[in-house]
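So this one's input-v6.csv, CSV, C-alpha atoms and all ligand atoms:
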chain,number,residue,atom,x,y,z
A,1,MET,CA,3.8,99.7,-82.2
A,2,LYS,CA,5.1,102.4,-84.6
A,3,VAL,CA,8.4,100.9,-85.7
A,4,ALA,CA,11.1,102.4,-87.8
A,5,VAL,CA,13.7,100.3,-89.6
A,6,VAL,CA,16.7,102.6,-90.3
A,7,GLY,CA,18.9,101.4,-93.1
A,8,ALA,CA,16.0,99.5,-94.5
A,9,THR,CA,17.6,99.2,-98.0
A,10,GLY,CA,20.8,97.4,-96.8
A,11,LEU,CA,21.4,93.7,-96.4
A,12,VAL,CA,20.8,93.7,-92.7
A,13,GLY,CA,17.8,96.1,-93.1
A,14,GLY,CA,16.2,93.6,-95.5
A,15,GLU,CA,16.8,90.7,-93.1
A,16,MET,CA,15.2,92.8,-90.3
A,17,LEU,CA,12.0,93.2,-92.3
A,18,LYS,CA,12.0,89.5,-93.0
A,19,VAL,CA,12.4,88.7,-89.3
A,20,LEU,CA,9.8,91.3,-88.1
A,21,ALA,CA,7.3,89.7,-90.5
A,22,GLU,CA,8.2,86.1,-89.7
A,23,ARG,CA,8.0,86.6,-85.9
A,24,ASN,CA,4.8,88.6,-86.3
A,25,PHE,CA,6.3,91.6,-84.4
A,26,PRO,CA,3.3,93.8,-83.4
A,27,VAL,CA,3.9,96.5,-86.2
A,28,ASP,CA,0.9,98.8,-86.4
A,29,GLU,CA,2.8,101.4,-88.4
A,30,LEU,CA,6.1,100.9,-90.2
A,31,LEU,CA,8.6,103.6,-91.3
A,32,LEU,CA,11.2,102.4,-93.7
A,33,VAL,CA,14.1,104.9,-93.4
A,34,ALA,CA,17.3,105.3,-95.4
A,35,SER,CA,19.8,107.9,-96.6
A,36,GLU,CA,18.7,110.7,-99.0
A,37,LYS,CA,19.6,108.7,-102.1
A,38,SER,CA,17.1,106.0,-101.3
A,39,VAL,CA,14.2,108.2,-100.2
A,40,GLY,CA,11.2,107.6,-102.4
A,41,GLN,CA,12.2,104.0,-103.2
A,42,LYS,CA,9.4,101.5,-102.9
A,43,MET,CA,9.7,98.4,-100.6
A,44,SER,CA,7.2,95.9,-99.4
A,45,PHE,CA,6.5,94.4,-96.0
A,46,LYS,CA,3.9,91.7,-95.5
A,47,GLY,CA,2.5,92.3,-99.0
A,48,LYS,CA,2.0,96.0,-98.5
A,49,GLU,CA,4.1,98.7,-100.4
A,50,TYR,CA,5.9,101.3,-98.5
A,51,THR,CA,7.9,104.4,-99.6
A,52,VAL,CA,11.3,104.9,-98.0
A,53,VAL,CA,11.4,108.1,-96.0
A,54,SER,CA,14.2,110.4,-94.7
A,55,MET,CA,15.6,110.4,-91.1
A,56,ALA,CA,14.0,113.8,-90.5
A,57,ASP,CA,10.6,112.5,-91.6
A,58,ALA,CA,10.9,109.5,-89.4
A,59,ILE,CA,12.0,111.4,-86.3
A,60,ALA,CA,9.0,113.8,-86.8
A,61,GLN,CA,6.7,110.8,-86.7
A,62,LYS,CA,8.1,109.7,-83.2
A,63,PRO,CA,8.2,105.9,-83.6
A,64,GLN,CA,8.2,104.0,-80.3
A,65,ILE,CA,11.1,101.7,-81.6
A,66,ALA,CA,13.7,102.3,-84.2
A,67,ILE,CA,15.9,99.4,-85.3
A,68,PHE,CA,19.1,100.8,-86.8
A,69,SER,CA,21.4,99.2,-89.3
A,70,ALA,CA,22.9,102.2,-91.0
A,71,GLY,CA,26.6,102.2,-90.0
A,72,GLY,CA,28.5,103.7,-87.1
A,73,SER,CA,28.7,107.3,-88.2
A,74,VAL,CA,25.0,107.6,-89.1
A,75,SER,CA,24.1,106.0,-85.8
A,76,LYS,CA,26.3,108.3,-83.8
A,77,GLU,CA,24.6,111.3,-85.3
A,78,MET,CA,21.0,110.0,-85.7
A,79,ALA,CA,20.3,107.6,-82.8
A,80,PRO,CA,20.4,110.5,-80.2
A,81,LYS,CA,18.0,112.5,-82.3
A,82,PHE,CA,15.5,109.6,-82.3
A,83,ALA,CA,16.1,109.1,-78.6
A,84,GLU,CA,15.4,112.8,-77.9
A,85,ALA,CA,12.1,112.3,-79.7
A,86,GLY,CA,11.2,109.5,-77.3
A,87,THR,CA,12.1,106.6,-79.5
A,88,THR,CA,14.0,103.6,-78.2
A,89,VAL,CA,16.8,102.8,-80.6
A,90,VAL,CA,18.2,99.2,-81.0
A,91,ASP,CA,21.4,99.9,-82.9
A,92,ASN,CA,23.3,97.3,-84.9
A,93,SER,CA,26.4,99.4,-85.5
A,94,SER,CA,29.6,99.5,-83.3
A,95,ALA,CA,28.9,103.1,-82.3
A,96,TRP,CA,27.5,102.6,-78.8
A,97,ARG,CA,28.6,99.0,-77.9
A,98,MET,CA,31.5,99.9,-75.6
A,99,ASP,CA,29.9,103.1,-74.3
A,100,PRO,CA,29.6,102.5,-70.5
A,101,THR,CA,26.3,104.3,-70.4
A,102,LYS,CA,24.7,101.9,-73.0
A,103,LYS,CA,23.7,98.3,-72.6
A,104,LEU,CA,25.1,95.7,-75.0
A,105,VAL,CA,22.4,93.0,-75.2
A,106,VAL,CA,22.1,89.4,-76.2
A,107,PRO,CA,18.5,88.7,-75.0
A,108,GLU,CA,19.3,85.0,-73.9
A,109,ILE,CA,22.1,86.4,-71.6
A,110,ASN,CA,21.4,89.9,-70.3
A,111,ALA,CA,18.1,91.3,-71.5
A,112,LYS,CA,17.1,91.5,-67.8
A,113,GLU,CA,19.4,94.5,-67.5
A,114,LEU,CA,17.1,96.6,-69.7
A,115,THR,CA,15.0,99.4,-68.2
A,116,LYS,CA,12.7,102.1,-69.6
A,117,GLU,CA,15.5,104.5,-69.3
A,118,ASP,CA,17.6,102.7,-72.0
A,119,LYS,CA,16.9,104.8,-75.1
A,120,ILE,CA,19.8,103.6,-77.1
A,121,ILE,CA,20.5,99.9,-76.9
A,122,ALA,CA,23.5,98.3,-78.7
A,123,ASN,CA,23.3,95.1,-80.6
A,124,PRO,CA,26.6,93.2,-80.5
A,125,ASN,CA,28.9,92.3,-83.4
A,126,CYS,CA,27.8,89.1,-85.3
A,127,SER,CA,30.9,87.1,-84.5
A,128,THR,CA,30.6,87.9,-80.8
A,129,ILE,CA,26.9,87.1,-80.6
A,130,GLN,CA,27.1,83.5,-81.8
A,131,MET,CA,30.1,82.7,-79.6
A,132,VAL,CA,28.5,84.1,-76.3
A,133,VAL,CA,25.2,82.4,-77.0
A,134,ALA,CA,27.0,79.1,-77.3
A,135,LEU,CA,29.1,79.7,-74.2
A,136,ASN,CA,26.4,81.2,-72.0
A,137,LEU,CA,25.4,78.2,-69.8
A,138,LEU,CA,28.9,76.7,-69.9
A,139,HIS,CA,30.2,79.9,-68.4
A,140,GLN,CA,27.6,79.9,-65.7
A,141,ALA,CA,28.3,76.3,-64.7
A,142,LEU,CA,32.1,76.1,-65.3
A,143,LYS,CA,33.4,79.7,-65.4
A,144,ILE,CA,35.4,80.5,-68.5
A,145,LYS,CA,39.1,81.5,-67.9
A,146,ARG,CA,40.3,82.0,-71.5
A,147,ILE,CA,38.9,81.7,-75.0
A,148,VAL,CA,41.0,81.3,-78.2
A,149,VAL,CA,38.8,81.9,-81.2
A,150,SER,CA,39.5,81.9,-84.9
A,151,THR,CA,36.6,82.9,-87.2
A,152,TYR,CA,35.7,82.0,-90.8
A,153,GLN,CA,33.4,84.9,-91.7
A,154,SER,CA,31.1,85.1,-94.7
A,155,VAL,CA,31.1,88.1,-97.1
A,156,THR,CA,27.6,89.1,-96.2
A,157,GLY,CA,29.1,90.5,-93.0
A,158,THR,CA,30.7,93.2,-95.1
A,159,GLY,CA,27.5,94.0,-97.1
A,160,LYS,CA,26.2,94.0,-100.7
A,161,LYS,CA,29.4,95.3,-102.2
A,162,ALA,CA,31.3,92.3,-100.9
A,163,VAL,CA,28.7,89.8,-102.2
A,164,ASP,CA,29.0,91.6,-105.6
A,165,GLN,CA,32.8,91.4,-105.5
A,166,LEU,CA,32.7,87.6,-104.8
A,167,MET,CA,30.0,87.0,-107.5
A,168,ASN,CA,31.9,89.1,-110.1
A,169,GLU,CA,35.1,87.4,-109.4
A,170,ARG,CA,33.4,84.0,-109.8
A,171,ALA,CA,31.9,85.1,-113.1
A,172,GLY,CA,35.2,86.6,-114.3
A,173,LYS,CA,33.7,90.1,-114.4
A,174,GLU,CA,35.2,93.4,-113.4
A,175,GLY,CA,33.5,95.5,-110.7
A,176,GLU,CA,33.9,97.4,-107.4
A,177,LYS,CA,36.0,95.9,-104.7
A,178,ALA,CA,35.0,95.7,-101.1
A,179,TYR,CA,38.3,94.0,-100.0
A,180,ALA,CA,41.9,94.9,-100.7
A,181,TYR,CA,42.4,91.4,-102.3
A,182,GLN,CA,40.5,88.9,-104.4
A,183,ILE,CA,38.1,87.0,-102.1
A,184,ASP,CA,37.1,84.1,-104.4
A,185,LEU,CA,39.4,81.1,-104.1
A,186,ASN,CA,41.1,83.0,-101.2
A,187,VAL,CA,41.1,83.6,-97.5
A,188,ILE,CA,41.8,87.1,-96.0
A,189,PRO,CA,43.0,87.3,-92.4
A,190,HIS,CA,41.8,90.8,-92.0
A,191,ILE,CA,38.4,92.1,-91.0
A,192,ASP,CA,37.8,95.8,-90.3
A,193,VAL,CA,40.8,98.1,-89.6
A,194,PHE,CA,44.0,97.3,-87.9
A,195,GLU,CA,44.6,98.7,-84.5
A,196,ALA,CA,47.9,99.8,-82.8
A,197,ASN,CA,48.3,96.4,-81.1
A,198,GLY,CA,48.3,94.5,-84.4
A,199,TYR,CA,44.8,93.1,-83.9
A,200,THR,CA,41.9,94.2,-86.1
A,201,LYS,CA,38.9,96.1,-84.8
A,202,GLU,CA,36.8,92.9,-85.4
A,203,GLU,CA,39.2,90.9,-83.2
A,204,MET,CA,39.0,93.5,-80.4
A,205,LYS,CA,35.2,93.5,-80.6
A,206,MET,CA,35.3,89.8,-79.8
A,207,VAL,CA,37.6,90.5,-76.8
A,208,ASN,CA,35.8,93.5,-75.4
A,209,GLU,CA,32.1,92.7,-76.2
A,210,THR,CA,32.4,89.2,-74.7
A,211,LYS,CA,33.4,90.6,-71.3
A,212,LYS,CA,30.7,93.3,-71.4
A,213,ILE,CA,27.8,90.9,-72.4
A,214,MET,CA,28.9,88.2,-69.9
A,215,GLY,CA,29.4,90.9,-67.3
A,216,ASP,CA,32.8,89.4,-66.4
A,217,ASP,CA,36.0,91.3,-67.1
A,218,SER,CA,38.1,88.4,-66.0
A,219,ILE,CA,37.4,86.4,-69.1
A,220,LYS,CA,40.5,86.4,-71.3
A,221,VAL,CA,39.8,86.3,-75.1
A,222,THR,CA,42.2,86.3,-78.0
A,223,ALA,CA,40.9,86.3,-81.5
A,224,THR,CA,41.9,85.9,-85.2
A,225,THR,CA,39.1,87.0,-87.5
A,226,VAL,CA,39.2,85.8,-91.1
A,227,ARG,CA,37.1,86.4,-94.2
A,228,ILE,CA,36.3,83.4,-96.4
A,229,PRO,CA,34.5,83.2,-99.8
A,230,VAL,CA,31.2,82.0,-98.3
A,231,VAL,CA,27.9,83.8,-98.9
A,232,GLY,CA,26.0,83.7,-95.5
A,233,GLY,CA,27.0,82.1,-92.2
A,234,HIS,CA,30.0,82.7,-89.9
A,235,SER,CA,31.9,79.8,-88.5
A,236,GLU,CA,34.2,79.8,-85.5
A,237,SER,CA,36.8,77.5,-84.0
A,238,VAL,CA,36.6,78.1,-80.3
A,239,ASN,CA,39.1,76.7,-77.7
A,240,VAL,CA,37.8,77.5,-74.2
A,241,GLU,CA,39.5,76.9,-70.8
A,242,PHE,CA,37.3,76.7,-67.8
A,243,GLU,CA,38.0,77.0,-64.1
A,244,LYS,CA,36.0,73.9,-63.2
A,245,ASP,CA,36.6,70.5,-64.7
A,246,PHE,CA,33.8,68.9,-66.7
A,247,THR,CA,32.8,65.6,-68.4
A,248,LEU,CA,31.8,65.7,-72.0
A,249,GLU,CA,28.3,64.6,-70.9
A,250,ASP,CA,28.1,67.8,-68.7
A,251,VAL,CA,29.0,69.8,-71.8
A,252,TYR,CA,26.5,68.2,-74.0
A,253,ARG,CA,23.8,68.5,-71.4
A,254,LEU,CA,24.6,72.2,-70.8
A,255,LEU,CA,24.7,73.0,-74.5
A,256,GLN,CA,21.4,71.2,-75.1
A,257,GLU,CA,19.8,73.3,-72.3
A,258,THR,CA,21.3,76.6,-73.6
A,259,PRO,CA,18.7,78.9,-75.1
A,260,GLY,CA,19.2,79.5,-78.8
A,261,VAL,CA,21.7,76.6,-79.3
A,262,VAL,CA,21.2,73.5,-81.4
A,263,VAL,CA,23.9,70.8,-81.0
A,264,VAL,CA,24.8,69.2,-84.3
A,265,ASP,CA,27.5,66.7,-83.3
A,266,ASP,CA,27.5,63.2,-84.7
A,267,VAL,CA,30.9,62.7,-86.4
A,268,ALA,CA,30.2,59.0,-87.0
A,269,ASN,CA,27.4,60.1,-89.4
A,270,LEU,CA,29.4,63.2,-90.6
A,271,GLN,CA,27.1,65.6,-88.8
A,272,TYR,CA,28.7,68.9,-87.8
A,273,PRO,CA,27.5,72.5,-88.3
A,274,MET,CA,28.2,74.2,-91.7
A,275,PRO,CA,27.3,77.7,-92.8
A,276,LYS,CA,24.9,76.4,-95.6
A,277,ASP,CA,22.9,74.6,-92.9
A,278,ALA,CA,22.7,77.7,-90.7
A,279,HIS,CA,21.3,79.8,-93.5
A,280,GLY,CA,17.9,81.3,-92.7
A,281,LYS,CA,18.0,79.9,-89.1
A,282,ASP,CA,17.9,81.9,-85.9
A,283,GLU,CA,19.7,79.2,-83.8
A,284,VAL,CA,23.4,78.9,-83.2
A,285,LEU,CA,24.7,75.5,-84.2
A,286,VAL,CA,27.4,73.8,-82.2
A,287,GLY,CA,29.4,70.7,-83.0
A,288,ARG,CA,32.9,69.1,-83.1
A,289,ILE,CA,32.8,69.1,-79.3
A,290,ARG,CA,35.9,67.5,-77.9
A,291,ARG,CA,38.4,67.9,-75.1
A,292,ASP,CA,41.6,69.8,-75.8
A,293,GLU,CA,43.9,66.9,-75.0
A,294,THR,CA,46.9,69.2,-74.5
A,295,GLN,CA,45.5,71.1,-71.5
A,296,GLU,CA,43.2,70.4,-68.5
A,297,ARG,CA,39.6,71.7,-68.3
A,298,THR,CA,39.7,72.9,-71.9
A,299,LEU,CA,37.3,72.3,-74.7
A,300,ASN,CA,37.3,72.6,-78.4
A,301,MET,CA,34.1,73.4,-80.3
A,302,TRP,CA,32.9,74.6,-83.7
A,303,ILE,CA,30.2,77.3,-83.7
A,304,VAL,CA,28.1,78.4,-86.8
A,305,ALA,CA,25.3,80.9,-87.2
A,306,ASP,CA,23.6,82.9,-89.9
A,307,ASN,CA,25.4,86.2,-89.3
A,308,LEU,CA,22.6,88.3,-90.8
A,309,ARG,CA,20.0,86.7,-88.5
A,310,LYS,CA,21.1,85.8,-85.0
A,311,GLY,CA,24.3,87.8,-85.7
A,312,ALA,CA,22.3,90.9,-86.5
A,313,ALA,CA,18.6,91.1,-87.4
A,314,THR,CA,17.2,88.4,-85.2
A,315,ASN,CA,19.1,89.6,-82.1
A,316,ALA,CA,17.9,93.2,-82.7
A,317,VAL,CA,14.3,92.1,-83.2
A,318,GLN,CA,14.5,89.8,-80.0
A,319,ILE,CA,15.7,92.9,-78.1
A,320,ALA,CA,12.7,94.8,-79.4
A,321,GLU,CA,10.4,91.9,-78.5
A,322,TYR,CA,11.7,92.0,-75.0
A,323,LEU,CA,11.1,95.7,-74.7
A,324,VAL,CA,7.5,95.3,-75.9
A,325,GLN,CA,6.7,92.2,-73.8
A,326,ASN,CA,8.1,93.9,-70.6
A,327,GLU,CA,6.4,97.2,-71.3
A,328,LEU,CA,9.7,99.1,-71.6
A,329,VAL,CA,8.6,101.2,-74.6
B,1,LIG,C1,31.7,91.3,-90.5
B,1,LIG,N1,31.4,91.6,-88.1
B,1,LIG,O1,31.4,90.1,-90.6
B,1,LIG,C2,31.1,92.1,-89.4
B,1,LIG,C3,29.7,92.5,-89.6
B,1,LIG,N2,29.1,93.1,-88.5
B,1,LIG,O2,32.4,91.9,-91.2
Output the file's structure as structure tokens, nothing else.
Ligand code: 2RA
Amino acid sequence: MKVAVVGATGLVGGEMLKVLAERNFPVDELLLVASEKSVGQKMSFKGKEYTVVSMADAIAQKPQIAIFSAGGSVSKEMAPKFAEAGTTVVDNSSAWRMDPTKKLVVPEINAKELTKEDKIIANPNCSTIQMVVALNLLHQALKIKRIVVSTYQSVTGTGKKAVDQLMNERAGKEGEKAYAYQIDLNVIPHIDVFEANGYTKEEMKMVNETKKIMGDDSIKVTATTVRIPVVGGHSESVNVEFEKDFTLEDVYRLLQETPGVVVVDDVANLQYPMPKDAHGKDEVLVGRIRRDETQERTLNMWIVADNLRKGAATNAVQIAEYLVQNELV
């Protein structure tokens, strides 16, 4: 495969290279692509040195797959140009996610929808991916009515500038700010821009993307998304009401059978998922599983994943793997 990684110099781009190498993705030729200011920069992949090339150079070389993590506006402009050149784009930005002509894919749930005709495929938002992976088999067995989710999101979800802000604040140094407020020793209940309804775009991504990935518009979702001073790993408190009743044994069994999920739930031994334990892992960790005692058919759970991996790079690479394995590129 001739593979392009677009946005190769960013945090997610770097993670994509790591995941492609670890999973031994069949890369015969690799194009590392970034904006003009990074063209010419040297980067390595599997011990070999590569020079970062421009978008135009990459398009001219007609890669079979391009994995994009270059932001929404770059993606809106450049993904169609790659697609016109015959490349299948897996895009990590929000640009195409809610476009009804584009598929929004979490491979464990809906990769089967993909066809050769899909030239731009959207990778969902990190906070949505880990939640739907965890809820996948529970929804199939018990049918979700309503989800109430609160997130605790790491600064790596914002990018390098935010990691630098946190580290500078910790070291008592001045520097550029990614957030409107100090993030160290603080919690900011604001991720992405505010919309007219008072929710943030991040919150509405969780509402809308969940329905699209699960293929079920009846699922009600309400979200509060929050940035916390953690470097790597998003956590979520999820309260979910089902149509069918369940026993906790059913829930444990379903979660243990859910692809991509690892149950970490042994409170007697203080075992529950934490972002530091999710770091570098591709699985979604689920724990603190208990009934909501205030309402029937309702469950509380705590869901943690490495936002740069299953929340971004790993999910995108898994989509690319599915395309290759099923001869869709
Ligand atoms: C965040 N959801 O954590 C974003 C990254 N895609 O800010």
key: Atom pair atom CA of A:Thr151 / atom CA of A:Thr225: separation (Å)   = 4.8 Å
Let me have all residues with an atom within 7 Å of ligand LIG 1 (chain B), counting only C-alpha atoms and all ligand atoms, laid out as a PDB file with C-alpha atoms, in the coordinates of the input.
ATOM      1  CA  ASN A 125      28.900  92.300 -83.400  1.00  0.00           C
ATOM      2  CA  CYS A 126      27.800  89.100 -85.300  1.00  0.00           C
ATOM      3  CA  SER A 127      30.900  87.100 -84.500  1.00  0.00           C
ATOM      4  CA  GLN A 153      33.400  84.900 -91.700  1.00  0.00           C
ATOM      5  CA  SER A 154      31.100  85.100 -94.700  1.00  0.00           C
ATOM      6  CA  VAL A 155      31.100  88.100 -97.100  1.00  0.00           C
ATOM      7  CA  THR A 156      27.600  89.100 -96.200  1.00  0.00           C
ATOM      8  CA  GLY A 157      29.100  90.500 -93.000  1.00  0.00           C
ATOM      9  CA  THR A 158      30.700  93.200 -95.100  1.00  0.00           C
ATOM     10  CA  ILE A 191      38.400  92.100 -91.000  1.00  0.00           C
ATOM     11  CA  ASP A 192      37.800  95.800 -90.300  1.00  0.00           C
ATOM     12  CA  GLU A 202      36.800  92.900 -85.400  1.00  0.00           C
TER      13      GLU A 202
END
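Across the structure, atom CA of A:Thr88 and atom CA of A:Val329 are spaced 6.9 Å apart.
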Interatomic distance (Å, one decimal) between atom CA of A:Ser54 and atom CA of A:Leu32 =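 These atoms are spaced 8.6 Å apart.
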query = In terms of the shortest atom-to-atom distance over all atoms listed in the file, which of A:Leu20, A:Val27, A:Leu299, A:Ala70 is closest to A:Phe246?
reply = A:Leu299
Please complete stretch 302-323 of chain A so it has N, CA and C atoms, and hand it over as a short mmCIF file (atom, residue, chain, number, x, y, z; two decimals), in the frame of the given file.
data_model
loop_
_atom_site.label_atom_id
_atom_site.label_comp_id
_atom_site.auth_asym_id
_atom_site.auth_seq_id
_atom_site.Cartn_x
_atom_site.Cartn_y
_atom_site.Cartn_z
N TRP A 302 33.04 73.98 -82.40
CA TRP A 302 32.90 74.60 -83.70
C TRP A 302 31.48 75.26 -83.68
N ILE A 303 31.42 76.57 -83.88
CA ILE A 303 30.20 77.30 -83.70
C ILE A 303 29.80 78.02 -85.00
N VAL A 304 28.58 77.79 -85.48
CA VAL A 304 28.10 78.40 -86.80
C VAL A 304 26.78 79.03 -86.59
N ALA A 305 26.61 80.21 -87.21
CA ALA A 305 25.30 80.90 -87.20
C ALA A 305 25.12 81.70 -88.45
N ASP A 306 23.88 82.00 -88.78
CA ASP A 306 23.60 82.90 -89.90
C ASP A 306 23.88 84.33 -89.35
N ASN A 307 24.93 84.93 -89.87
CA ASN A 307 25.40 86.20 -89.30
C ASN A 307 24.41 87.35 -89.56
N LEU A 308 23.55 87.24 -90.60
CA LEU A 308 22.60 88.30 -90.80
C LEU A 308 21.36 88.15 -89.91
N ARG A 309 21.17 86.92 -89.39
CA ARG A 309 20.00 86.70 -88.50
C ARG A 309 20.41 86.78 -87.06
N LYS A 310 20.80 85.66 -86.40
CA LYS A 310 21.10 85.80 -85.00
C LYS A 310 22.28 86.80 -84.79
N GLY A 311 23.17 86.87 -85.79
CA GLY A 311 24.30 87.80 -85.70
C GLY A 311 23.92 89.27 -85.87
N ALA A 312 22.70 89.54 -86.29
CA ALA A 312 22.30 90.90 -86.50
C ALA A 312 20.80 91.12 -86.35
N ALA A 313 20.03 90.81 -87.42
CA ALA A 313 18.60 91.10 -87.40
C ALA A 313 17.81 90.45 -86.32
N THR A 314 17.96 89.14 -86.18
CA THR A 314 17.20 88.40 -85.20
C THR A 314 17.45 88.91 -83.79
N ASN A 315 18.75 89.09 -83.49
CA ASN A 315 19.10 89.60 -82.10
C ASN A 315 18.45 90.91 -81.85
N ALA A 316 18.49 91.81 -82.86
CA ALA A 316 17.90 93.20 -82.70
C ALA A 316 16.40 93.06 -82.49
N VAL A 317 15.75 92.22 -83.29
CA VAL A 317 14.30 92.10 -83.20
C VAL A 317 13.94 91.42 -81.81
N GLN A 318 14.76 90.46 -81.37
CA GLN A 318 14.50 89.80 -80.00
C GLN A 318 14.62 90.89 -78.93
N ILE A 319 15.56 91.83 -79.08
CA ILE A 319 15.70 92.90 -78.10
C ILE A 319 14.35 93.73 -78.10
N ALA A 320 13.91 94.06 -79.31
CA ALA A 320 12.70 94.80 -79.40
C ALA A 320 11.49 94.07 -78.85
N GLU A 321 11.45 92.76 -79.08
CA GLU A 321 10.40 91.90 -78.50
C GLU A 321 10.38 92.00 -76.99
N TYR A 322 11.59 91.92 -76.43
CA TYR A 322 11.70 92.00 -75.00
C TYR A 322 11.19 93.30 -74.43
N LEU A 323 11.52 94.38 -75.15
CA LEU A 323 11.10 95.70 -74.70
C LEU A 323 9.53 95.77 -74.71
#
